[in-house]
$ cat coords-v9.pdb   # PDB, C-alpha atoms, pLDDT in the B column
MODEL        1
ATOM      1  CA  MET A 214      -9.838 101.095 -35.597  1.00 44.00           C
ATOM      2  CA  GLN A 215      -7.778  98.324 -37.183  1.00 46.00           C
ATOM      3  CA  PRO A 216      -9.377  95.031 -38.170  1.00 48.00           C
ATOM      4  CA  LYS A 217      -8.504  92.040 -36.005  1.00 49.00           C
ATOM      5  CA  ALA A 218      -6.482  90.410 -38.812  1.00 50.00           C
ATOM      6  CA  GLU A 219      -4.332  93.547 -39.061  1.00 48.00           C
ATOM      7  CA  ASP A 220      -3.716  93.487 -35.327  1.00 48.00           C
ATOM      8  CA  ASN A 221      -2.527  89.885 -35.587  1.00 51.00           C
ATOM      9  CA  GLU A 222      -0.213  90.610 -38.545  1.00 54.00           C
ATOM     10  CA  ARG A 223       1.201  93.887 -37.309  1.00 49.00           C
ATOM     11  CA  GLN A 224       1.611  93.004 -33.687  1.00 52.00           C
ATOM     12  CA  THR A 225       2.921  89.489 -33.628  1.00 53.00           C
ATOM     13  CA  PRO A 226       4.112  88.970 -30.041  1.00 54.00           C
ATOM     14  CA  PRO A 227       7.832  89.698 -29.742  1.00 55.00           C
ATOM     15  CA  THR A 228       9.632  86.387 -29.800  1.00 56.00           C
ATOM     16  CA  THR A 229      12.534  84.583 -31.325  1.00 61.00           C
ATOM     17  CA  ALA A 230      10.141  81.771 -32.353  1.00 77.00           C
ATOM     18  CA  CYS A 231       9.410  82.159 -36.057  1.00 84.00           C
ATOM     19  CA  PRO A 232       5.952  83.200 -37.270  1.00 86.00           C
ATOM     20  CA  ALA A 233       4.381  80.852 -39.861  1.00 89.00           C
ATOM     21  CA  TRP A 234       5.430  83.167 -42.728  1.00 91.00           C
ATOM     22  CA  CYS A 235       9.114  83.276 -41.723  1.00 91.00           C
ATOM     23  CA  ILE A 236      11.598  81.550 -44.029  1.00 89.00           C
ATOM     24  CA  GLY A 237      14.409  82.177 -41.518  1.00 75.00           C
ATOM     25  CA  HIS A 238      17.323  84.548 -41.881  1.00 65.00           C
ATOM     26  CA  ASP A 239      20.237  85.483 -39.686  1.00 59.00           C
ATOM     27  CA  ALA A 240      21.055  89.164 -39.506  1.00 56.00           C
ATOM     28  CA  ASP A 241      24.576  90.581 -39.592  1.00 54.00           C
ATOM     29  CA  ALA A 242      25.911  88.995 -36.385  1.00 50.00           C
ATOM     30  CA  PRO A 243      25.733  85.203 -36.888  1.00 54.00           C
ATOM     31  CA  ASP A 244      27.067  84.291 -33.434  1.00 55.00           C
ATOM     32  CA  LYS A 245      24.454  86.146 -31.403  1.00 57.00           C
ATOM     33  CA  ASP A 246      21.211  84.581 -30.186  1.00 57.00           C
ATOM     34  CA  ASP A 247      19.153  87.732 -30.741  1.00 57.00           C
ATOM     35  CA  ASP A 248      20.274  88.511 -34.303  1.00 65.00           C
ATOM     36  CA  HIS A 249      17.521  86.477 -35.988  1.00 76.00           C
ATOM     37  CA  LEU A 250      15.340  88.467 -38.354  1.00 85.00           C
ATOM     38  CA  HIS A 251      11.930  86.995 -39.188  1.00 90.00           C
ATOM     39  CA  GLU A 252      11.701  87.368 -42.942  1.00 92.00           C
ATOM     40  CA  ALA A 253       9.075  86.263 -45.473  1.00 94.00           C
ATOM     41  CA  THR A 254       9.796  85.045 -48.967  1.00 94.00           C
ATOM     42  CA  PRO A 255      10.650  88.128 -51.044  1.00 94.00           C
ATOM     43  CA  ALA A 256       8.485  89.206 -53.967  1.00 96.00           C
ATOM     44  CA  LEU A 257      10.395  90.653 -56.908  1.00 96.00           C
ATOM     45  CA  MET A 258       8.845  93.222 -59.220  1.00 95.00           C
ATOM     46  CA  PRO A 259      10.519  94.401 -62.414  1.00 96.00           C
ATOM     47  CA  CYS A 260       9.893  98.067 -63.082  1.00 94.00           C
ATOM     48  CA  ILE A 261      11.229 101.187 -64.763  1.00 95.00           C
ATOM     49  CA  ALA A 262      12.658 103.820 -62.428  1.00 90.00           C
ATOM     50  CA  LEU A 263      13.868 107.323 -63.177  1.00 91.00           C
ATOM     51  CA  GLU A 264      17.592 107.525 -62.564  1.00 89.00           C
ATOM     52  CA  ARG A 265      19.245 110.868 -61.951  1.00 90.00           C
ATOM     53  CA  THR A 266      22.896 111.443 -62.726  1.00 92.00           C
ATOM     54  CA  THR A 267      25.045 114.545 -62.621  1.00 94.00           C
ATOM     55  CA  ASP A 268      27.740 115.149 -65.205  1.00 93.00           C
ATOM     56  CA  GLU A 269      31.135 116.769 -64.629  1.00 93.00           C
ATOM     57  CA  ILE A 270      29.769 120.317 -64.996  1.00 94.00           C
ATOM     58  CA  GLY A 271      26.878 119.734 -62.596  1.00 94.00           C
ATOM     59  CA  THR A 272      24.040 119.226 -65.069  1.00 95.00           C
ATOM     60  CA  ILE A 273      21.423 116.786 -63.831  1.00 95.00           C
ATOM     61  CA  HIS A 274      20.284 114.185 -66.351  1.00 95.00           C
ATOM     62  CA  HIS A 275      17.195 111.980 -66.016  1.00 94.00           C
ATOM     63  CA  HIS A 276      16.814 108.673 -67.808  1.00 94.00           C
ATOM     64  CA  PRO A 277      14.550 105.647 -67.365  1.00 96.00           C
ATOM     65  CA  THR A 278      16.334 102.558 -66.091  1.00 93.00           C
ATOM     66  CA  ALA A 279      15.126  98.982 -65.740  1.00 94.00           C
ATOM     67  CA  THR A 280      15.359  97.806 -62.142  1.00 91.00           C
ATOM     68  CA  GLU A 281      13.862  95.217 -59.854  1.00 94.00           C
ATOM     69  CA  LEU A 282      12.095  96.121 -56.642  1.00 94.00           C
ATOM     70  CA  THR A 283      12.107  93.716 -53.735  1.00 94.00           C
ATOM     71  CA  LEU A 284       9.188  93.520 -51.322  1.00 95.00           C
ATOM     72  CA  VAL A 285       9.847  91.698 -48.057  1.00 94.00           C
ATOM     73  CA  ARG A 286       7.771  91.394 -44.908  1.00 94.00           C
ATOM     74  CA  TYR A 287       9.951  91.160 -41.798  1.00 92.00           C
ATOM     75  CA  GLN A 288       9.974  91.435 -38.030  1.00 91.00           C
ATOM     76  CA  CYS A 289      12.907  92.118 -35.745  1.00 86.00           C
ATOM     77  CA  PRO A 290      13.254  89.976 -32.638  1.00 78.00           C
ATOM     78  CA  HIS A 291      11.636  91.450 -29.543  1.00 80.00           C
ATOM     79  CA  ASP A 292       9.551  93.816 -31.729  1.00 83.00           C
ATOM     80  CA  SER A 293       5.786  93.467 -32.054  1.00 86.00           C
ATOM     81  CA  ASP A 294       5.544  95.376 -35.350  1.00 91.00           C
ATOM     82  CA  THR A 295       5.784  93.652 -38.713  1.00 93.00           C
ATOM     83  CA  TRP A 296       7.327  95.740 -41.486  1.00 95.00           C
ATOM     84  CA  LEU A 297       7.366  95.775 -45.274  1.00 95.00           C
ATOM     85  CA  TYR A 298      10.551  96.692 -47.113  1.00 94.00           C
ATOM     86  CA  ILE A 299      10.120  98.058 -50.646  1.00 95.00           C
ATOM     87  CA  GLY A 300      13.322  98.873 -52.474  1.00 93.00           C
ATOM     88  CA  ASP A 301      16.072  97.889 -54.848  1.00 88.00           C
ATOM     89  CA  GLY A 302      18.176  96.248 -52.167  1.00 81.00           C
ATOM     90  CA  SER A 303      20.558  99.163 -51.669  1.00 78.00           C
ATOM     91  CA  ARG A 304      20.611 100.940 -48.335  1.00 70.00           C
ATOM     92  CA  SER A 305      19.930 104.297 -49.987  1.00 73.00           C
ATOM     93  CA  HIS A 306      16.916 103.283 -52.108  1.00 77.00           C
ATOM     94  CA  GLY A 307      14.395 101.640 -49.843  1.00 89.00           C
ATOM     95  CA  LEU A 308      11.331 102.232 -47.758  1.00 92.00           C
ATOM     96  CA  ASP A 309      10.382 100.365 -44.577  1.00 94.00           C
ATOM     97  CA  ILE A 310       6.697 100.787 -43.671  1.00 96.00           C
ATOM     98  CA  THR A 311       4.166  99.005 -41.477  1.00 95.00           C
ATOM     99  CA  LEU A 312       1.708  96.599 -43.096  1.00 94.00           C
ATOM    100  CA  GLU A 313      -1.114  99.041 -42.360  1.00 95.00           C
ATOM    101  CA  SER A 314       0.839 101.807 -44.113  1.00 96.00           C
ATOM    102  CA  ALA A 315       1.322  99.453 -47.076  1.00 96.00           C
ATOM    103  CA  ARG A 316      -2.454  98.912 -47.262  1.00 96.00           C
ATOM    104  CA  ARG A 317      -3.028 102.663 -47.248  1.00 97.00           C
ATOM    105  CA  LEU A 318      -0.348 103.095 -49.914  1.00 96.00           C
ATOM    106  CA  VAL A 319      -2.045 100.528 -52.176  1.00 96.00           C
ATOM    107  CA  LYS A 320      -5.400 102.274 -51.742  1.00 96.00           C
ATOM    108  CA  VAL A 321      -3.962 105.714 -52.532  1.00 97.00           C
ATOM    109  CA  LEU A 322      -2.034 104.344 -55.538  1.00 94.00           C
ATOM    110  CA  GLU A 323      -5.236 102.793 -56.901  1.00 95.00           C
ATOM    111  CA  GLN A 324      -7.082 106.113 -56.509  1.00 94.00           C
ATOM    112  CA  TYR A 325      -4.181 108.050 -57.986  1.00 93.00           C
ATOM    113  CA  MET A 326      -3.951 105.743 -60.997  1.00 93.00           C
ATOM    114  CA  ALA A 327      -7.716 105.922 -61.578  1.00 92.00           C
ATOM    115  CA  VAL A 328      -7.504 109.717 -61.727  1.00 90.00           C
ATOM    116  CA  ALA A 329      -4.463 109.498 -64.030  1.00 85.00           C
ATOM    117  CA  GLU A 330      -6.364 107.125 -66.358  1.00 84.00           C
ATOM    118  CA  GLU A 331      -9.351 109.503 -66.449  1.00 85.00           C
ATOM    119  CA  GLY A 332      -6.997 112.327 -67.411  1.00 78.00           C
ATOM    120  CA  ARG A 333      -5.700 110.284 -70.365  1.00 74.00           C
ATOM    121  CA  GLY A 334      -9.136 109.786 -71.822  1.00 64.00           C
ATOM    122  CA  GLY A 335     -10.262 106.796 -69.799  1.00 52.00           C
ATOM    123  CA  GLY A 336     -10.485 104.489 -72.828  1.00 51.00           C
ATOM    124  CA  ALA A 337     -10.412 100.729 -72.607  1.00 49.00           C
ATOM    125  CA  GLY A 338      -6.970  99.411 -71.846  1.00 46.00           C
TER     126      GLY A 338
ENDMDL
END

$ encode --input "coords-v9.pdb" --output "structure tokens"
Amino acid sequence: MQPKAEDNERQTPPTTACPAWCIGHDADAPDKDDDHLHEATPALMPCIALERTTDEIGTIHHHPTATELTLVRYQCPHDSDTWLYIGDGSRSHGLDITLESARRLVKVLEQYMAVAEEGRGGGAG
């Protein structure tokens, strides 16, 4: 069962009126009344990502690349679900998940990292 706060965040009543967290943003069709996308202020996170490239003979190369991930909470008009986008801004490198899924992801990442730290010796960091 979801906590009441999660219900309120995830299932904001469908409306074109902006939620308190919305900074306002028009989607791709500026002349339409229903193109408004409720969007929160983005959070930017610098990180290192593994980039894969293929050379002319088909060999795959992997190399770390500095990038910046964008995290944005948003809600489409007439939709009760609130979503979190995590990605680099390109259409091919992003993930759109519910806020509840984001909470589960954080919890699993914390557990995963704790196990990874134990495997490295678990010393003070």

$ resolve_selection --input "coords-v9.pdb" --expression "the PyMOL selection byres ((chain A and resi 307-316) around 9)" --output "ChimeraX atom specification"
/A:215,219,222-223,286,294-306,317-321

$ closest_residue --input "coords-v9.pdb" --among "A:Cys235, A:Leu282, A:Ala262, A:Ile273" --to "Leu250 (chain A)" --atoms "all atoms listed in the file"
A:Cys235

$ atom_distance --input "coords-v9.pdb" --atom1 "CA of His249 (chain A)" --atom2 "CA of Ala233 (chain A)"
14.8 Å

$ atom_distance --input "coords-v9.pdb" --atom1 "CA of Trp234 (chain A)" --atom2 "CA of Thr254 (chain A)"
7.8 Å

$ closest_residue --input "coords-v9.pdb" --among "A:Ala329, A:Ile270, A:Ala230, A:Leu322" --to "His251 (chain A)" --atoms "all atoms listed in the file"
A:Ala230

$ atom_distance --input "coords-v9.pdb" --atom1 "CA of Ser293 (chain A)" --atom2 "CA of Ile236 (chain A)"
17.9 Å

$ resolve_selection --input "coords-v9.pdb" --expression "the PyMOL selection byres ((chain A and resi 280) around 6)" --output "JSON, numbers by chain"
{"A": [259, 260, 261, 279, 281]}

$ closest_residue --input "coords-v9.pdb" --among "A:Glu252, A:Thr278, A:Pro290, A:Tyr325" --to "Arg265 (chain A)" --atoms "all atoms listed in the file"
A:Thr278

$ closest_residue --input "coords-v9.pdb" --among "A:His274, A:Thr267, A:Thr283, A:Glu331" --to "Pro255 (chain A)" --atoms "all atoms listed in the file"
A:Thr283
